[in-house]
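Chemist: Here you go, one structure.
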Amino acid sequence: MGVLVFVAAGMRVTNLDNVESRTPDERVYTYQAKTWIESGPAGMRSMIDEYKSDAETRLYPPPTRVGMIRLLADLMRWTGQYDESIGARISCAASIGSLLMLALIGIRFLPPWAGVTAILFYAVLPAEQAIARRTWSDALVELAGLLLIYFVCEITRGPERRVWYFLFALVGSASVLVKESMPVPYGLCALWILWVLVKRREWTGVMILVGATAVGMGTTLWWLSIQVGSLANYSGIVMGIPKVNAANPYALEYASGPPYLLLLAFWIIAPVTSLLSLAGMAAVFLKKREGPLVFMSCFSIAYLAIAMSIPHWINLRYLGNTFGPVCLLAGFGCWWLISAGWKWLEAADRRPFAVVAIAIVLGGAVADYLRFQKFFVWDEMADLSIKMLVDERNQ
């Protein structure tokens, strides 16, 4: 498992410097960070005013993502470099962190071979590799999401270990500084914990969780309001994002269509992983399992349902919080199918079956990595929106 994580990290580092051109979002994040370096809080508030008054500026990432902007600015100061490649290094490091978290979840909560297979699928997932080489906030969002999922698994396994409650509140609240969408996964995770605690009558745990999350979110919003001028500025910008997106020419052309296209996007980018994740969910619900795998299944379904309900949002970049759970479920589904086949062939020669199973898994992984190379390296596809994915598949 350690070797696989090391190889996966090497893939991300190797592909970090082969980006030929940067996207508008990457240039905007870099501009925002440089403005902070040059002007500090005054520069931040000038960007807020510009965002509120200029319709064209509202087509790009808002300056309310202070955590991303400040982190990028600090790294620029430290390295003495001020181009888009600095943010790409943050994404690469966050992606490697996500790899480590997924490996930890696999070790702790999945059968050993299911965990290994999940890491393999995540290592080569084209969408994840594409995000890891760009100056976007999505890699940090994904890392925060996997941390929250890990904390949920630990809390629901042993509610008496209180440290996980505070870590959950810390990471969840801090993640809102990076992207305004983080209350969605944070809220889904918190609701699951509350449901489990109430069912077990763990009232002390309920009070600790509610108190820690309230203090964490209150502190986050207080700090954000200072950075952007006022809480009204922050809430006004965040609440207006769906309306702005609905009038965004890029979203209308590249991220629009029937909601089921979001599922098609998963199929285009990683067909074997997508199928095996469905098998994993089927195994979880048919066998009436309990624990982390049920949570991951429900979390993925709920997150996808929310994303599919938002118009003009058909972009896999916004679904990074599901990448880890989907790969973990795919690893479990693969293990379940192979185990069932192994038992069924108890009286027969199992070697052909083993060869075919290994060939499918490794073939799917190789195909995913080659798909990433074709889509994002050779053809330089700049985003994960549905129109780009469909057009690239049809070439």
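Here, A, B, ... name the chains of the structure tokens in the order displayed, residue numbers run from 1 inside each chain, and ligands are numbered from 1 in the same displayed order.
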Could you give me, as a list of chain:residue names, the residues within 12 Å of A:Thr204, counting only C-alpha atoms and dropping anything in the same chain fewer than 6 positions from it?
Modeler: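 So the residues in contact are A:Pro159, A:Glu160, A:Arg161, A:Arg162, A:Tyr165, A:Leu194, A:Leu197, A:Val198, A:Val210, A:Gly211.
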Chemist: Write the residues of the preceding selection, restricted to N, CA and C atoms, as a PDB file, in the first residue's frame.
Modeler:
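Saved to out26.pdb:
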```
ATOM      1  N   PRO A 159     -17.687   6.986  19.882  1.00  0.00           N
ATOM      2  CA  PRO A 159     -18.146   8.335  20.268  1.00  0.00           C
ATOM      3  C   PRO A 159     -17.512   8.868  21.555  1.00  0.00           C
ATOM      4  N   GLU A 160     -16.925   7.991  22.350  1.00  0.00           N
ATOM      5  CA  GLU A 160     -16.348   8.445  23.615  1.00  0.00           C
ATOM      6  C   GLU A 160     -15.025   9.177  23.432  1.00  0.00           C
ATOM      7  N   ARG A 161     -14.403   9.077  22.259  1.00  0.00           N
ATOM      8  CA  ARG A 161     -13.121   9.765  22.017  1.00  0.00           C
ATOM      9  C   ARG A 161     -13.407  11.186  21.553  1.00  0.00           C
ATOM     10  N   ARG A 162     -13.381  12.112  22.480  1.00  0.00           N
ATOM     11  CA  ARG A 162     -13.868  13.470  22.230  1.00  0.00           C
ATOM     12  C   ARG A 162     -12.969  14.293  21.320  1.00  0.00           C
ATOM     13  N   TYR A 165     -14.213  15.182  17.830  1.00  0.00           N
ATOM     14  CA  TYR A 165     -15.258  16.200  17.690  1.00  0.00           C
ATOM     15  C   TYR A 165     -14.626  17.570  17.412  1.00  0.00           C
ATOM     16  N   LEU A 194     -24.699  13.470  14.138  1.00  0.00           N
ATOM     17  CA  LEU A 194     -25.806  13.740  15.060  1.00  0.00           C
ATOM     18  C   LEU A 194     -26.821  12.600  15.047  1.00  0.00           C
ATOM     19  N   LEU A 197     -25.319   9.704  16.997  1.00  0.00           N
ATOM     20  CA  LEU A 197     -25.238   9.997  18.430  1.00  0.00           C
ATOM     21  C   LEU A 197     -26.610   9.976  19.091  1.00  0.00           C
ATOM     22  N   VAL A 198     -27.608  10.549  18.419  1.00  0.00           N
ATOM     23  CA  VAL A 198     -28.961  10.552  18.979  1.00  0.00           C
ATOM     24  C   VAL A 198     -29.505   9.126  19.059  1.00  0.00           C
ATOM     25  N   VAL A 210     -22.336  20.021  18.794  1.00  0.00           N
ATOM     26  CA  VAL A 210     -23.070  21.258  18.486  1.00  0.00           C
ATOM     27  C   VAL A 210     -22.286  22.474  18.972  1.00  0.00           C
ATOM     28  N   GLY A 211     -21.740  22.401  20.169  1.00  0.00           N
ATOM     29  CA  GLY A 211     -20.980  23.523  20.702  1.00  0.00           C
ATOM     30  C   GLY A 211     -19.713  23.801  19.912  1.00  0.00           C
TER      31      GLY A 211
END
```
Chemist: Taking a cut-off of 6 Å and counting only C-alpha atoms, can you build a table that, for each residue of stretch 258-353 of chain A near stretch 99-119 of chain A, reports the nearest atom pair and how far apart they are in Å (one decimal), sorted by chain then residue number, as CSV?
Modeler:
```
residue,atom,partner,partner_atom,distance
A:Cys327,CA,A:Ala118,CA,5.1
A:Leu328,CA,A:Ala118,CA,4.8
A:Gly331,CA,A:Ala118,CA,4.1
A:Phe332,CA,A:Ala114,CA,4.8
A:Trp335,CA,A:Ala114,CA,5.2
```
Chemist: I'd like to know which of A:Gly205, A:Gly87, A:Pro183, A:Gly80 is closest to A:Thr30, using only C-alpha atoms.
Modeler: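 Residue with the minimum atom-to-atom distance to A:Thr30: A:Gly87.
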Chemist: Please, which residues of stretch 63-163 of chain A, numbered as in this document, come out alpha helix (DSSP H) from DSSP, as an NGL selection string?
Modeler: :A and (66-79 or 85-109 or 112-124 or 126-131 or 138-157 or 163)
Chemist: Residues near stretch 272-286 of chain A, anyone? I mean within 7 Å using only C-alpha atoms, not counting same-chain ones fewer than 3 positions away, as JSON, numbers by chain.
Modeler: {"A": [121, 266, 267, 289, 293, 294, 297, 326, 327, 329, 330, 332, 333, 334, 364]}
Chemist: Just write the chosen residues, N, CA, C and O atoms, as a compact mmCIF listing (two decimals), in the first residue's frame.
Modeler:
```txt
# COMPACT_ATOMS: atom_id res chain seq x y z
N PHE A 121 -7.42 3.02 -7.67
CA PHE A 121 -8.39 3.79 -8.45
C PHE A 121 -8.20 5.29 -8.23
O PHE A 121 -8.29 6.09 -9.18
N PHE A 266 -18.91 11.26 -14.86
CA PHE A 266 -18.16 10.24 -14.12
C PHE A 266 -17.82 9.06 -15.02
O PHE A 266 -16.70 8.52 -14.98
N TRP A 267 -18.78 8.65 -15.83
CA TRP A 267 -18.58 7.50 -16.71
C TRP A 267 -17.48 7.80 -17.74
O TRP A 267 -16.63 6.95 -18.03
N ARG A 289 -25.17 -3.70 5.59
CA ARG A 289 -24.00 -3.39 6.42
C ARG A 289 -24.23 -2.10 7.20
O ARG A 289 -25.07 -1.28 6.83
N LEU A 293 -19.01 2.43 5.57
CA LEU A 293 -19.38 2.24 4.17
C LEU A 293 -20.81 2.72 3.89
O LEU A 293 -21.10 3.24 2.81
N VAL A 294 -21.69 2.56 4.86
CA VAL A 294 -23.06 3.09 4.70
C VAL A 294 -23.01 4.61 4.63
O VAL A 294 -23.66 5.24 3.79
N SER A 297 -21.66 5.77 1.28
CA SER A 297 -22.68 5.60 0.23
C SER A 297 -23.72 6.70 0.31
O SER A 297 -24.05 7.35 -0.70
N VAL A 326 -16.18 7.63 -3.64
CA VAL A 326 -16.47 6.80 -4.81
C VAL A 326 -15.37 5.77 -5.03
O VAL A 326 -15.64 4.59 -5.30
N CYS A 327 -14.11 6.19 -4.89
CA CYS A 327 -13.00 5.24 -5.07
C CYS A 327 -12.98 4.20 -3.95
O CYS A 327 -12.68 3.02 -4.19
N LEU A 329 -15.61 3.10 -2.31
CA LEU A 329 -16.71 2.18 -2.61
C LEU A 329 -16.37 1.29 -3.80
O LEU A 329 -16.75 0.11 -3.82
N ALA A 330 -15.65 1.83 -4.78
CA ALA A 330 -15.22 1.01 -5.91
C ALA A 330 -14.26 -0.08 -5.45
O ALA A 330 -14.34 -1.23 -5.91
N PHE A 332 -14.20 -1.42 -2.49
CA PHE A 332 -15.01 -2.39 -1.76
C PHE A 332 -15.83 -3.24 -2.73
O PHE A 332 -15.95 -4.46 -2.57
N GLY A 333 -16.40 -2.60 -3.76
CA GLY A 333 -17.18 -3.34 -4.74
C GLY A 333 -16.34 -4.36 -5.49
O GLY A 333 -16.79 -5.49 -5.73
N CYS A 334 -15.12 -3.98 -5.83
CA CYS A 334 -14.21 -4.90 -6.51
C CYS A 334 -13.91 -6.10 -5.61
O CYS A 334 -13.97 -7.26 -6.05
N GLY A 364 -8.22 -1.30 -16.21
CA GLY A 364 -8.98 -0.08 -15.95
C GLY A 364 -8.12 1.03 -15.41
O GLY A 364 -8.28 2.20 -15.78
```
Chemist: Taking only residues of stretch 105-184 of chain A that have an atom at most 8 Å from an atom of stretch 220-238 of chain A, what is each one's shortest atom pair and its distance in Å to one decimal, using only C-alpha atoms, in chain and number order, as CSV?
Modeler:
```
residue,atom,partner,partner_atom,distance
A:Ser173,CA,A:Thr220,CA,6.2
A:Ala174,CA,A:Thr220,CA,6.6
A:Val176,CA,A:Thr220,CA,7.5
A:Leu177,CA,A:Thr220,CA,7.2
A:Glu180,CA,A:Val238,CA,6.7
```
Chemist: Using all heavy atoms, can you write the selected residues to a file as a compact mmCIF listing (two decimals), in the first residue's frame?
Modeler:
```txt
# COMPACT_ATOMS: atom_id res chain seq x y z
N SER A 173 -14.90 24.05 9.90
CA SER A 173 -15.07 25.50 9.95
C SER A 173 -13.98 26.21 9.15
O SER A 173 -14.26 27.17 8.42
CB SER A 173 -15.05 25.98 11.40
OG SER A 173 -16.09 25.37 12.14
N ALA A 174 -12.74 25.75 9.28
CA ALA A 174 -11.64 26.37 8.54
C ALA A 174 -11.79 26.19 7.03
O ALA A 174 -11.38 27.05 6.25
CB ALA A 174 -10.30 25.80 9.01
N VAL A 176 -14.34 26.46 5.24
CA VAL A 176 -15.21 27.48 4.66
C VAL A 176 -14.39 28.68 4.19
O VAL A 176 -14.81 29.42 3.29
CB VAL A 176 -16.28 27.90 5.69
CG1 VAL A 176 -17.18 29.00 5.14
CG2 VAL A 176 -17.12 26.70 6.11
N LEU A 177 -13.20 28.87 4.78
CA LEU A 177 -12.32 29.96 4.35
C LEU A 177 -11.79 29.72 2.93
O LEU A 177 -11.39 30.66 2.25
CB LEU A 177 -11.14 30.10 5.31
CG LEU A 177 -11.46 30.38 6.77
CD1 LEU A 177 -10.19 30.34 7.60
CD2 LEU A 177 -12.16 31.72 6.92
N GLU A 180 -16.74 28.64 -0.49
CA GLU A 180 -18.05 28.84 0.14
C GLU A 180 -18.96 27.62 0.03
O GLU A 180 -19.98 27.55 0.72
CB GLU A 180 -18.76 30.06 -0.48
CG GLU A 180 -19.06 29.95 -1.96
CD GLU A 180 -17.83 30.14 -2.86
OE1 GLU A 180 -16.84 30.74 -2.39
OE2 GLU A 180 -17.87 29.67 -4.01
```
Chemist: Which residues are near A:Leu304? Cut-off 9 Å, only C-alpha atoms, ignore same chain within fewer than 2 positions. Put them as a VMD selection string.
Modeler: chain A and resid 262 to 263 299 to 302 306 to 309 319 322
Chemist: Kindly save the residues from that selection, with N, CA and C atoms included, as a short mmCIF file (atom, residue, chain, number, x, y, z; two decimals), in the first residue's frame.
Modeler:
```
data_model
loop_
_atom_site.label_atom_id
_atom_site.label_comp_id
_atom_site.auth_asym_id
_atom_site.auth_seq_id
_atom_site.Cartn_x
_atom_site.Cartn_y
_atom_site.Cartn_z
N LEU A 262 -24.30 14.67 -15.22
CA LEU A 262 -23.27 14.62 -14.18
C LEU A 262 -22.79 13.18 -13.99
N LEU A 263 -23.71 12.23 -14.08
CA LEU A 263 -23.34 10.81 -14.00
C LEU A 263 -22.56 10.40 -15.24
N PHE A 299 -23.48 9.61 1.82
CA PHE A 299 -22.84 10.91 1.56
C PHE A 299 -22.71 11.15 0.06
N SER A 300 -22.23 10.15 -0.67
CA SER A 300 -22.03 10.31 -2.12
C SER A 300 -23.36 10.55 -2.83
N ILE A 301 -24.38 9.78 -2.46
CA ILE A 301 -25.70 9.93 -3.10
C ILE A 301 -26.27 11.32 -2.81
N ALA A 302 -26.18 11.75 -1.54
CA ALA A 302 -26.73 13.05 -1.17
C ALA A 302 -25.99 14.19 -1.86
N ILE A 306 -27.61 16.85 -4.55
CA ILE A 306 -27.58 18.31 -4.38
C ILE A 306 -26.97 18.96 -5.61
N ALA A 307 -25.85 18.41 -6.08
CA ALA A 307 -25.18 18.98 -7.26
C ALA A 307 -26.09 18.92 -8.49
N MET A 308 -26.82 17.80 -8.64
CA MET A 308 -27.69 17.64 -9.80
C MET A 308 -28.91 18.57 -9.74
N SER A 309 -29.20 19.09 -8.57
CA SER A 309 -30.36 19.98 -8.44
C SER A 309 -30.02 21.44 -8.77
N LEU A 319 -17.28 18.44 -7.76
CA LEU A 319 -17.66 17.22 -7.06
C LEU A 319 -16.46 16.50 -6.44
N THR A 322 -16.66 13.96 -3.61
CA THR A 322 -17.14 12.59 -3.82
C THR A 322 -16.07 11.67 -4.39
#
```
Chemist: Please provide as a PDB file with N, CA and C atoms, in the first residue's frame all residues within 6 Å of stretch 128-137 of chain A, with the sequence filter that same-chain residues fewer than 5 positions apart are discarded (counting only C-alpha atoms).
Modeler:
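What ended up in part06.pdb:
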```
ATOM      1  N   LEU A  16       3.176  17.936 -12.773  1.00  0.00           N
ATOM      2  CA  LEU A  16       2.947  19.278 -12.251  1.00  0.00           C
ATOM      3  C   LEU A  16       3.429  20.367 -13.205  1.00  0.00           C
ATOM      4  N   GLU A  26      -7.282  30.382 -12.683  1.00  0.00           N
ATOM      5  CA  GLU A  26      -5.936  30.344 -12.103  1.00  0.00           C
ATOM      6  C   GLU A  26      -5.302  31.723 -12.099  1.00  0.00           C
ATOM      7  N   GLY A  87       0.395  28.228  -7.026  1.00  0.00           N
ATOM      8  CA  GLY A  87      -0.882  27.637  -6.625  1.00  0.00           C
ATOM      9  C   GLY A  87      -0.992  26.182  -7.035  1.00  0.00           C
ATOM     10  N   ALA A  88      -0.389  25.835  -8.176  1.00  0.00           N
ATOM     11  CA  ALA A  88      -0.394  24.439  -8.615  1.00  0.00           C
ATOM     12  C   ALA A  88       0.357  23.554  -7.625  1.00  0.00           C
ATOM     13  N   SER A  91      -1.992  22.754  -4.857  1.00  0.00           N
ATOM     14  CA  SER A  91      -2.936  21.715  -5.274  1.00  0.00           C
ATOM     15  C   SER A  91      -2.275  20.342  -5.276  1.00  0.00           C
ATOM     16  N   CYS A  92      -1.034  20.274  -5.747  1.00  0.00           N
ATOM     17  CA  CYS A  92      -0.319  19.003  -5.784  1.00  0.00           C
ATOM     18  C   CYS A  92      -0.108  18.470  -4.370  1.00  0.00           C
ATOM     19  N   SER A  95      -3.368  17.247  -3.002  1.00  0.00           N
ATOM     20  CA  SER A  95      -3.745  15.982  -3.612  1.00  0.00           C
ATOM     21  C   SER A  95      -2.982  14.813  -2.991  1.00  0.00           C
TER      22      SER A  95
END
```
Chemist: Any idea what the distance is between atom CA of A:Ala123 and atom CA of A:Tyr186?
Modeler: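 The value is 24.4 Å.
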